[in-house]
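Enquirer: Take this structure first; my questions come after.
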There are 2 protein chains.
Amino acid sequence: MKKGEATRARIIEETGRQAAIKGFGAVSLNDVAEAVGLSKSGLFKHFESKEAMELAALDRGFDRFVAFVWEPAESLPPGRARLESVFERWLDWTEVENAAGGCLIMAASTELDDQPGPMRDLLQARVRRWRQTLAREMKALREPPISDAEAQGAVFQMKSFILGHNEMRRLLDDTGARAAARAAFDSLLDRTGKA
Amino acid sequence: MKKGEATRARIIEETGRQAAIKGFGAVSLNDVAEAVGLSKSGLFKHFESKEAMELAALDRGFDRFVAFVWEPAESLPPGRARLESVFERWLDWTEVENAAGGCLIMAASTELDDQPGPMRDLLQARVRRWRQTLAREMKALREPPISDAEAQGAVFQMKSFILGHNEMRRLLDDTGARAAARAAFDSLLDRTGKA
DNA sequence: CCTAAAACGGCACGATCGGTCACTTTTTGT
DNA sequence: ACAAAAAGTGACCGATCGTGCCGTTTTAGG
């Protein structure tokens with residue numbers, strides 16, 4: 001069972017790719033099947049339903065996100081440099097790495113925030129976990145560590161700048177988005193880092 | 001031709017309502033027609049196509065947004081109080097006024113940022129105009145007025161906090177979103193307001 | 001009130017949707 | 001090499017999609 005896993009991976013990847021562009025609701029089995037060179041019914045040998053396929057694609061999207069944004073920072077010591085690395089890679093993630101359709105997670109977040117179900121649950125769980133990771137890093141900005149409340153506030157702003165950058169870049173086609181986001185984040189780190 | 005205009009308005013309103021929840025791509029003529037008590041073909045006496053209907057709904061959404069968020073602030077003198085009013089009403093807009101499906105504009109922004117066409121064009125144009133309005137207000141925060149660059153940076157952060165609040169509230173079900181957004185915005189105004 | 005126009009319903013169209021079933025081909029473990 | 005299991009195909013199903021056509025009802029202007 002080796003060939004199967006490879007095909008399954010290709011399906012998942014392609015599903016995520018299309019969902020980032022058109023949204024999960026607009027991905028059709030036909031389009032995915034055609035893109036990976038399969039028949040529609042062939043997809044059902046790997047997933048029992050379309051939702052299971054989308055679920056796998058979303059989960060895989062998170063894994064790819066963590067690998068791209070977080071792992072390079074892991075070798076750095078906790079502190080400002082580490083957070084700056086994460087932020088910079090995060091900007092790259094929406095702007096460069098996924099130039100085609102942008103960040104799958106952000107697209108899914110606004111698409112599914114009103115539709116209960118396993119997709120929203122998965123999103124919620126993994127986004128929360130990611131925020132916790134960031135909050136932990138924020139606390140390490142000062143010695144003694146800043147309070148939980150302050151750290152969460154900083155994470156809120158950090159994520160906000162990412163969202164702002166995404167809109168400014170992808171919807172408004174404004175190439176100044178990156179500079180604006182970076183300036184705002186640097187200012188945030190300055191304020192948070194000093195007593 | 002009075003009855004027609006009323007029906008048309010109801011169609012537009014309902015289309016926007018559903019699009020805020022399910023996304024524009026997932027609104028079907030059947031659902032809209034049923035919700036307003038019409039037949040599917042009856043819709044075509046008011047719009048030549050589904051896209052024309054969605055276009056009208058999006059445009060109307062912007063009008064409603066301006067009326068709700070901006071107009072109450074218009075009576076206030078330019079400056080900090082005015083901006084705080086706008087921000088507070090903006091939070092209400094996503095959290096209270098459109099409790100069902102959230103802000104139509106934000107939903108459409110992430111849904112359509114990768115799909116060229118009249119919908120995206122309309123979005124781009126009106127969002128840009130709104131940002132200009134905000135930038136003008138930001139400049140009035142200090143005397144002499146702050147630079148264009150600084151004002152646009154402040155607008156970027158303001159909009160970012162709105163986006164952050166939206167995710168924290170609607171996806172993560174975190175009722176602390178409002179407090180986090182308000183704190184971040186107040187801090188922004190403090191920094192921007194003083195020389 | 002009367003008539004023209006506007007508003008609307010019924011019906012059917014081709015296309016596409018997610019999904020099933022029976023069947024054939026390919027891969028895998030021994 | 002061989003058999004079992006996995007991978008993949010094609011035809012087809014009922015439902016729904018956006019849309020055009022034609023007849024009927026309702027509304028509005030003189």
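In the structure tokens, each chain is lettered A, B, ... as it comes, each chain's residues begin at 1, and ligands are numbered from 1 in order of appearance.
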As JSON, numbers by chain, please: every residue in region 2-192 of chain B that DSSP puts in helix (DSSP H, G or I).
Expert: {"B": [3, 4, 5, 6, 7, 8, 9, 10, 11, 12, 13, 14, 15, 16, 17, 18, 19, 20, 21, 22, 24, 25, 26, 29, 30, 31, 32, 33, 34, 35, 36, 40, 41, 42, 43, 50, 51, 52, 53, 54, 55, 56, 57, 58, 59, 60, 61, 62, 63, 64, 65, 66, 67, 68, 69, 70, 71, 72, 73, 74, 80, 81, 82, 83, 84, 85, 86, 87, 88, 89, 90, 91, 92, 93, 94, 95, 96, 97, 104, 105, 106, 107, 108, 109, 110, 111, 112, 118, 119, 120, 121, 122, 123, 124, 125, 126, 127, 128, 129, 130, 131, 132, 133, 134, 135, 136, 137, 138, 139, 148, 149, 150, 151, 152, 153, 154, 155, 156, 157, 158, 159, 160, 161, 162, 163, 164, 165, 166, 167, 168, 169, 170, 171, 177, 178, 179, 180, 181, 182, 183, 184, 185, 186, 187, 188, 189, 190, 191, 192]}
Enquirer: Should the cut-off be 10 Å, what would the residue list for chain C against chain B look like, counting only C-alpha atoms (C1' of nucleotides), as number ranges by chain?
Expert: C: 5-10
Enquirer: Can you pull out the residues contacting region 154-156 of chain B? Cut-off 8 Å, using only C-alpha atoms (C1' of nucleotides), and skip same-chain residues under 3 positions away; I want them as a list in words.
Expert: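 Within the cut-off, the hits are Gly164, Ala180 and Ala181 of chain A; Arg131, Leu134, Ala135, Met138, Glu150, Ala151, Lys159, Ser160, Leu188 and Thr192 of chain B.
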Enquirer: Skipping near chain neighbours, those fewer than 2 positions away, what residues fall within 12 Å of Arg191 (chain A) using only C-alpha atoms (C1' of nucleotides), listed as a PyMOL selection string?
Expert: (chain A and resi 80+138+141-142+146+150-151+153-154+184-189+193-195) or (chain B and resi 184+187-188+191)
Enquirer: For chain B against chain A, with a cut-off of 7 Å and counting only C-alpha atoms, what is the closest atom pair and its distance in Å to one decimal for every residue that makes the cut, ordered by chain and number, as CSV?
Expert:
```
residue,atom,partner,partner_atom,distance
B:Ile21,CA,A:Asp114,CA,6.0
B:Gly23,CA,A:Glu111,CA,6.8
B:Gly25,CA,A:Ala26,CA,6.9
B:Ala26,CA,A:Gly25,CA,6.9
B:Gly101,CA,A:Asp114,CA,6.1
B:Ala107,CA,A:Thr110,CA,6.0
B:Ser109,CA,A:Leu171,CA,6.7
B:Thr110,CA,A:Ala107,CA,6.0
B:Glu111,CA,A:Gly23,CA,6.7
B:Asp113,CA,A:Leu171,CA,4.7
B:Asp114,CA,A:Ile21,CA,5.9
B:Gln124,CA,A:Leu172,CA,5.8
B:Gly153,CA,A:Ala180,CA,6.0
B:Phe156,CA,A:Gly164,CA,6.6
B:Gln157,CA,A:Phe161,CA,6.8
B:Lys159,CA,A:Gly164,CA,6.5
B:Ser160,CA,A:Gly164,CA,4.3
B:Phe161,CA,A:Ser160,CA,5.4
B:Leu163,CA,A:Ser160,CA,6.2
B:Gly164,CA,A:Ser160,CA,4.4
B:Arg170,CA,A:Asp113,CA,5.8
B:Leu171,CA,A:Asp113,CA,4.7
B:Leu172,CA,A:Gln124,CA,5.8
B:Ala180,CA,A:Gly153,CA,6.0
```
Enquirer: Find the spatial neighbours of DC12 (chain D), counting only C-alpha atoms (C1' of nucleotides), within a cut-off of 12 Å - ignore same-chain residues fewer than 4 positions away - and output them as a list in words.
Expert: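 Skipping anything fewer than 4 positions along the chain leaves Ser41 of chain A; DG19, DT20, DC21 and DA22 of chain C.
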Enquirer: Just write the chosen residues, N, CA and C atoms (P, O5', C5', C4', C3', O3' and C1' of nucleotides), as a PDB file, in the first residue's frame.
Expert:
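What ended up in again_33.pdb:
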```
ATOM      1  N   SER A  41     -14.786   8.661  -9.339  1.00  0.00           N
ATOM      2  CA  SER A  41     -15.010   7.541  -8.418  1.00  0.00           C
ATOM      3  C   SER A  41     -13.712   7.053  -7.794  1.00  0.00           C
TER       4      SER A  41
ATOM      5  P    DG C  19     -20.304  13.257  -0.903  1.00  0.00           P
ATOM      6  O5'  DG C  19     -20.906  11.978  -1.652  1.00  0.00           O
ATOM      7  C5'  DG C  19     -22.307  11.759  -1.617  1.00  0.00           C
ATOM      8  C4'  DG C  19     -22.658  10.509  -2.416  1.00  0.00           C
ATOM      9  C3'  DG C  19     -21.794   9.281  -2.122  1.00  0.00           C
ATOM     10  O3'  DG C  19     -22.619   8.259  -1.590  1.00  0.00           O
ATOM     11  C1'  DG C  19     -22.150   9.585  -4.447  1.00  0.00           C
ATOM     12  P    DT C  20     -21.995   6.840  -1.163  1.00  0.00           P
ATOM     13  O5'  DT C  20     -22.487   5.846  -2.292  1.00  0.00           O
ATOM     14  C5'  DT C  20     -23.855   5.856  -2.687  1.00  0.00           C
ATOM     15  C4'  DT C  20     -24.102   4.803  -3.752  1.00  0.00           C
ATOM     16  C3'  DT C  20     -23.405   3.456  -3.503  1.00  0.00           C
ATOM     17  O3'  DT C  20     -24.356   2.404  -3.644  1.00  0.00           O
ATOM     18  C1'  DT C  20     -22.914   4.251  -5.686  1.00  0.00           C
ATOM     19  P    DC C  21     -23.997   0.902  -3.199  1.00  0.00           P
ATOM     20  O5'  DC C  21     -23.794   0.163  -4.602  1.00  0.00           O
ATOM     21  C5'  DC C  21     -24.608   0.546  -5.708  1.00  0.00           C
ATOM     22  C4'  DC C  21     -24.161  -0.199  -6.960  1.00  0.00           C
ATOM     23  C3'  DC C  21     -23.429  -1.516  -6.687  1.00  0.00           C
ATOM     24  O3'  DC C  21     -23.903  -2.515  -7.562  1.00  0.00           O
ATOM     25  C1'  DC C  21     -22.078  -0.074  -8.024  1.00  0.00           C
ATOM     26  P    DA C  22     -23.652  -4.073  -7.225  1.00  0.00           P
ATOM     27  O5'  DA C  22     -22.948  -4.564  -8.570  1.00  0.00           O
ATOM     28  C5'  DA C  22     -23.491  -4.147  -9.822  1.00  0.00           C
ATOM     29  C4'  DA C  22     -22.404  -4.165 -10.885  1.00  0.00           C
ATOM     30  C3'  DA C  22     -21.546  -5.447 -10.891  1.00  0.00           C
ATOM     31  O3'  DA C  22     -21.430  -5.922 -12.224  1.00  0.00           O
ATOM     32  C1'  DA C  22     -20.160  -3.532 -10.764  1.00  0.00           C
TER      33       DA C  22
END
```
Enquirer: Select, as a PyMOL selection string, those residues of chain D with any atom no more than 8 Å from chain B (distances computed using only C-alpha atoms (C1' of nucleotides)).
Expert: chain D and resi 17-18+27-28
Enquirer: Need to verify the contact set: DC2 (chain D), 12 Å, only C-alpha atoms (C1' of nucleotides), exclusion of same-chain residues closer than 6 positions in sequence. Can you return it as a list in words?
Expert: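 Near neighbours after the sequence-gap exclusion: DT28, DG29 and DT30 of chain C.
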Enquirer: Please produce an output containing C-alpha atoms (C1' of nucleotides) for each residue in the selection, written as a tab-separated table (two decimals), in the first residue's frame.
Expert:
```
chain	number	residue	atom	x	y	z
C	28	DT	C1'	1.63	-5.90	-3.09
C	29	DG	C1'	2.95	-9.76	0.19
C	30	DT	C1'	4.44	-14.34	0.21
```
Enquirer: CA of Arg64 (chain B) to CA of Gly117 (chain B): how many Å, to one decimal?
Expert: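 Separation of CA of Arg64 (chain B) and CA of Gly117 (chain B): 22.6 Å.
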Enquirer: Report, in Å to a single decimal, how far apart CA of Pro144 (chain A) and CA of Val66 (chain A) are.
Expert: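 We find that CA of Val66 (chain A) and CA of Pro144 (chain A) lie 27.9 Å from each other.
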